[in-house]
Amino acid sequence: NLESFTTDNLKKNNEVYNTLKTGKEQNHLFELLNTEIQTANLALKKGIDYKQYAEELKYVKDLEQNAINGVTRNQAAFQTLRNLSLTSVMLNEILLRTDKQLKLIKENYTEFSTVQTRIDSLMTKESLFLIPEDEVSKTLYIERFEQINTDAEIINARFKNALDSINHLTIEGNKFRFILQSDMIEIDKIRDQELDNLFQPEEAIFSQPKDGPSFSNTFFYSLGKEMILLIFYVFNHYGLFILMILSFIGVLIYLNILKKNLINSNLYENLRHPIAIFNNPVATSFIIVFSVFQYFFTLAPFILLSSLWFISGIFLTRIYAGSLPRPEFRIWLLYFIMISVALFINNLVVHSVTETWLILILSITAFAFIL
């Protein structure tokens, strides 16, 4: 009897132990599943905006078509190296933007897949499907299991839609990426051909062809194309622009502090010659910073460099206005005007007769200026 009593108690205690152990494991699994489902909801909320990316992809596809129009598609009779180079840089910046977006999509896909794998793994645990024998525990278990199972099914459905969208965008993005690379290779070939024919005379450069673009058309075409490139370049290299702005502020603060220290030390008024950089600290700071940072802009669009050069020229004119004698200052003004015209001409990426005459007039003026 004693042996039977101990055996029955041992069996009963094992049953209680196993029930408690199973209940503890189930509670732990329910908590883990609830945490993972919440994590999945957050991941889906903060994930990339598929609609926005799809719209951006469509937009850059249209830009790509506009960029190659007149270059590799509907080729113009007169190709300029400026237009070829600008188009190549423009396609490269679009490619950089596309690569960044594809990288974000890949990271999003990895995050979703990882969370979904963890949820699926927890949902296959054997202890999760052990139903308690106690009626109260069984009722509570069924309620929690149904809730978790419903939430998991909803999350899996959302993950499936999200992953399907990601796969579609990835395929479309990679296809567009290969198109860009193909366009860039073709443009490089055309540019090599133009370089080989660089010193061969072009026909009718001083007469307007019947179907040739007018000067206004070439101006607005060039402006639109370069502004699009500039926007992409700023977005792709915004860190460098922020660093340049911070450097400008730093140099400006330094010059003001240096001037203040010279004044407090009674040295500023005793200088034999006035220091122009202290009279125009903003202009000086911009010229110093841009003179350094222009070497860090890789494949920068010419409209960016020419605009910054033009601003530097204006600031330099302000500095010279208070430091140069009048005859030398007038010479600088004439020199700056010629530089500005040259910058303007170089921003015209499509040939026109007006551009040819402007180049001729500028060349004669520069030659006379040297003499």
# chains A, B, ... in the order shown; residues from 1 in each chain; ligands from 1
$ residues_around --residues "A:Lys160" --least-positions-apart "5" --cutoff "10 Å" --atoms "only C-alpha atoms" --output "list in words"
Phe112, Ser113, Gln116, Ile154, Ile155, Ser165 and Ile166 of chain A
$ residues_around --residues "stretch 183-191 of chain A" --least-positions-apart "4" --cutoff "12 Å" --atoms "only C-alpha atoms" --output "NGL selection string"
:A and (64-65 or 67-73 or 75-76 or 78-95 or 176-179 or 195-198)
$ residues_around --residues "A:Ser291" --least-positions-apart "4" --cutoff "12 Å" --atoms "only C-alpha atoms" --output "ChimeraX atom specification"
/A:244,247-248,284-287,295-297,305,308-309,311-313
$ closest_residue --among "A:Ser323, A:Ser340, A:Thr39, A:Ser182" --to "A:Phe310" --atoms "only C-alpha atoms"
A:Ser340
$ closest_atom_pairs --of "stretch 20-139 of chain A" --to "stretch 168-172 of chain A" --cutoff "8 Å" --atoms "only C-alpha atoms" --output "tab-separated table"
residue	atom	partner	partner_atom	distance
A:Tyr50	CA	A:Leu169	CA	7.9
A:Ala54	CA	A:Leu169	CA	7.0
A:Leu102	CA	A:Thr170	CA	6.6
A:Ile105	CA	A:Thr170	CA	7.2
A:Lys106	CA	A:Thr170	CA	8.0
$ write_last_selection --atoms "C-alpha atoms" --output "PDB file, in the first residue's frame"
ATOM      1  CA  TYR A  50       6.439  51.804 -51.306  1.00  0.00           C
ATOM      2  CA  ALA A  54       7.326  53.654 -56.924  1.00  0.00           C
ATOM      3  CA  LEU A 102      17.678  49.808 -53.473  1.00  0.00           C
ATOM      4  CA  ILE A 105      14.701  48.353 -49.790  1.00  0.00           C
ATOM      5  CA  LYS A 106      17.129  45.486 -49.186  1.00  0.00           C
TER       6      LYS A 106
END
$ atom_distance --atom1 "atom CA of A:Tyr221" --atom2 "atom CA of A:Thr356"
17.1 Å
$ residues_around --residues "A:Ser306" --least-positions-apart "4" --cutoff "12 Å" --atoms "only C-alpha atoms" --output "VMD selection string"
chain A and resid 226 230 290 294 300 to 302 310 to 313 339 to 347
$ closest_residue --among "A:Gln26, A:Gln181, A:Asn108, A:Asn174" --to "A:Ile142" --atoms "only C-alpha atoms"
A:Gln26
$ closest_residue --among "A:Ser222, A:Asn34, A:Asn66, A:Thr298" --to "A:Asn149" --atoms "only C-alpha atoms"
A:Asn34
$ atom_distance --atom1 "atom CA of A:Ala40" --atom2 "atom CA of A:Lys125"
19.2 Å
$ residues_around --residues "A:Thr124" --least-positions-apart "6" --cutoff "12 Å" --atoms "only C-alpha atoms" --output "mmCIF file with N, CA, C and O atoms, in the first residue's frame"
data_model
loop_
_atom_site.group_PDB
_atom_site.id
_atom_site.type_symbol
_atom_site.label_atom_id
_atom_site.label_comp_id
_atom_site.auth_asym_id
_atom_site.auth_seq_id
_atom_site.Cartn_x
_atom_site.Cartn_y
_atom_site.Cartn_z
ATOM 1 N N LEU A 29 6.031 31.837 -24.239
ATOM 2 C CA LEU A 29 5.857 31.887 -25.693
ATOM 3 C C LEU A 29 4.836 32.955 -26.094
ATOM 4 O O LEU A 29 5.042 33.688 -27.075
ATOM 5 N N LEU A 33 5.715 35.989 -28.456
ATOM 6 C CA LEU A 33 4.941 36.218 -29.678
ATOM 7 C C LEU A 33 4.317 37.603 -29.680
ATOM 8 O O LEU A 33 4.318 38.296 -30.718
ATOM 9 N N THR A 117 10.463 35.360 -39.662
ATOM 10 C CA THR A 117 11.063 34.065 -39.332
ATOM 11 C C THR A 117 10.971 33.788 -37.835
ATOM 12 O O THR A 117 10.671 32.650 -37.424
ATOM 13 N N ARG A 118 11.217 34.815 -37.023
ATOM 14 C CA ARG A 118 11.117 34.624 -35.570
ATOM 15 C C ARG A 118 9.686 34.295 -35.154
ATOM 16 O O ARG A 118 9.457 33.416 -34.302
ATOM 17 N N LEU A 130 -0.077 22.415 -26.494
ATOM 18 C CA LEU A 130 -0.511 21.524 -25.422
ATOM 19 C C LEU A 130 -1.651 22.181 -24.647
ATOM 20 O O LEU A 130 -1.472 23.225 -24.020
ATOM 21 N N ASN A 149 -2.926 33.763 -32.477
ATOM 22 C CA ASN A 149 -2.989 33.154 -33.806
ATOM 23 C C ASN A 149 -3.602 34.117 -34.817
ATOM 24 O O ASN A 149 -3.120 34.239 -35.954
ATOM 25 N N ALA A 152 -1.046 36.849 -35.484
ATOM 26 C CA ALA A 152 0.048 36.317 -36.303
ATOM 27 C C ALA A 152 -0.385 36.176 -37.758
ATOM 28 O O ALA A 152 0.390 36.473 -38.681
#
$ closest_residue --among "A:Leu96, A:Glu153, A:Leu243, A:Asn279" --to "A:Val292" --atoms "only C-alpha atoms"
A:Leu243
$ select_by_dssp --residues "stretch 105-318 of chain A" --states "alpha helix (DSSP H)" --output "PyMOL selection string"
chain A and resi 105-123+135-196+215-236+238-264+276-279+281-293+302-318
$ decode --residues "stretch 289-316 of chain A" --atoms "N, CA and C atoms" --output "mmCIF file, in the first residue's frame"
data_model
loop_
_atom_site.group_PDB
_atom_site.id
_atom_site.type_symbol
_atom_site.label_atom_id
_atom_site.label_comp_id
_atom_site.auth_asym_id
_atom_site.auth_seq_id
_atom_site.Cartn_x
_atom_site.Cartn_y
_atom_site.Cartn_z
ATOM 1 N N VAL A 289 36.590 79.099 -47.887
ATOM 2 C CA VAL A 289 35.975 77.767 -47.752
ATOM 3 C C VAL A 289 35.717 77.145 -49.114
ATOM 4 N N PHE A 290 35.162 77.911 -50.045
ATOM 5 C CA PHE A 290 34.871 77.344 -51.359
ATOM 6 C C PHE A 290 36.145 77.002 -52.119
ATOM 7 N N SER A 291 37.189 77.816 -51.955
ATOM 8 C CA SER A 291 38.456 77.540 -52.633
ATOM 9 C C SER A 291 39.019 76.180 -52.223
ATOM 10 N N VAL A 292 38.744 75.780 -50.990
ATOM 11 C CA VAL A 292 39.201 74.470 -50.502
ATOM 12 C C VAL A 292 38.225 73.366 -50.904
ATOM 13 N N PHE A 293 36.932 73.598 -50.687
ATOM 14 C CA PHE A 293 35.944 72.537 -50.869
ATOM 15 C C PHE A 293 35.660 72.216 -52.333
ATOM 16 N N GLN A 294 36.003 73.077 -53.256
ATOM 17 C CA GLN A 294 35.734 72.772 -54.659
ATOM 18 C C GLN A 294 36.501 71.545 -55.136
ATOM 19 N N TYR A 295 37.586 71.209 -54.427
ATOM 20 C CA TYR A 295 38.366 70.028 -54.807
ATOM 21 C C TYR A 295 37.767 68.732 -54.252
ATOM 22 N N PHE A 296 36.788 68.853 -53.377
ATOM 23 C CA PHE A 296 36.162 67.666 -52.787
ATOM 24 C C PHE A 296 34.854 67.296 -53.483
ATOM 25 N N PHE A 297 34.378 68.148 -54.392
ATOM 26 C CA PHE A 297 33.159 67.840 -55.134
ATOM 27 C C PHE A 297 33.500 66.930 -56.305
ATOM 28 N N THR A 298 33.219 65.645 -56.169
ATOM 29 C CA THR A 298 33.538 64.687 -57.217
ATOM 30 C C THR A 298 32.478 64.735 -58.320
ATOM 31 N N LEU A 299 32.945 64.883 -59.556
ATOM 32 C CA LEU A 299 32.045 64.945 -60.713
ATOM 33 C C LEU A 299 30.914 65.945 -60.495
ATOM 34 N N ALA A 300 31.281 67.109 -59.961
ATOM 35 C CA ALA A 300 30.269 68.136 -59.675
ATOM 36 C C ALA A 300 29.727 68.714 -60.976
ATOM 37 N N PRO A 301 28.413 68.962 -61.062
ATOM 38 C CA PRO A 301 27.859 69.609 -62.260
ATOM 39 C C PRO A 301 28.435 71.001 -62.416
ATOM 40 N N PHE A 302 28.648 71.399 -63.654
ATOM 41 C CA PHE A 302 29.303 72.677 -63.899
ATOM 42 C C PHE A 302 28.460 73.846 -63.402
ATOM 43 N N ILE A 303 27.130 73.692 -63.406
ATOM 44 C CA ILE A 303 26.288 74.791 -62.935
ATOM 45 C C ILE A 303 26.530 75.059 -61.449
ATOM 46 N N LEU A 304 26.866 74.021 -60.684
ATOM 47 C CA LEU A 304 27.182 74.213 -59.269
ATOM 48 C C LEU A 304 28.489 74.975 -59.113
ATOM 49 N N LEU A 305 29.540 74.495 -59.789
ATOM 50 C CA LEU A 305 30.840 75.150 -59.666
ATOM 51 C C LEU A 305 30.805 76.562 -60.228
ATOM 52 N N SER A 306 30.156 76.731 -61.381
ATOM 53 C CA SER A 306 30.120 78.065 -61.993
ATOM 54 C C SER A 306 29.326 79.038 -61.140
ATOM 55 N N SER A 307 28.249 78.569 -60.513
ATOM 56 C CA SER A 307 27.470 79.446 -59.625
ATOM 57 C C SER A 307 28.293 79.868 -58.417
ATOM 58 N N LEU A 308 29.012 78.913 -57.829
ATOM 59 C CA LEU A 308 29.853 79.238 -56.678
ATOM 60 C C LEU A 308 31.032 80.123 -57.084
ATOM 61 N N TRP A 309 31.570 79.890 -58.283
ATOM 62 C CA TRP A 309 32.630 80.778 -58.781
ATOM 63 C C TRP A 309 32.096 82.192 -58.988
ATOM 64 N N PHE A 310 30.898 82.285 -59.533
ATOM 65 C CA PHE A 310 30.300 83.608 -59.764
ATOM 66 C C PHE A 310 30.066 84.336 -58.441
ATOM 67 N N ILE A 311 29.544 83.616 -57.439
ATOM 68 C CA ILE A 311 29.344 84.227 -56.114
ATOM 69 C C ILE A 311 30.677 84.647 -55.514
ATOM 70 N N SER A 312 31.690 83.802 -55.679
ATOM 71 C CA SER A 312 33.033 84.156 -55.187
ATOM 72 C C SER A 312 33.537 85.416 -55.873
ATOM 73 N N GLY A 313 33.245 85.525 -57.179
ATOM 74 C CA GLY A 313 33.666 86.724 -57.911
ATOM 75 C C GLY A 313 32.979 87.979 -57.395
ATOM 76 N N ILE A 314 31.701 87.875 -57.061
ATOM 77 C CA ILE A 314 30.977 89.017 -56.501
ATOM 78 C C ILE A 314 31.572 89.422 -55.155
ATOM 79 N N PHE A 315 31.836 88.422 -54.310
ATOM 80 C CA PHE A 315 32.441 88.710 -53.002
ATOM 81 C C PHE A 315 33.832 89.315 -53.167
ATOM 82 N N LEU A 316 34.597 88.786 -54.127
ATOM 83 C CA LEU A 316 35.944 89.315 -54.367
ATOM 84 C C LEU A 316 35.874 90.750 -54.882
#
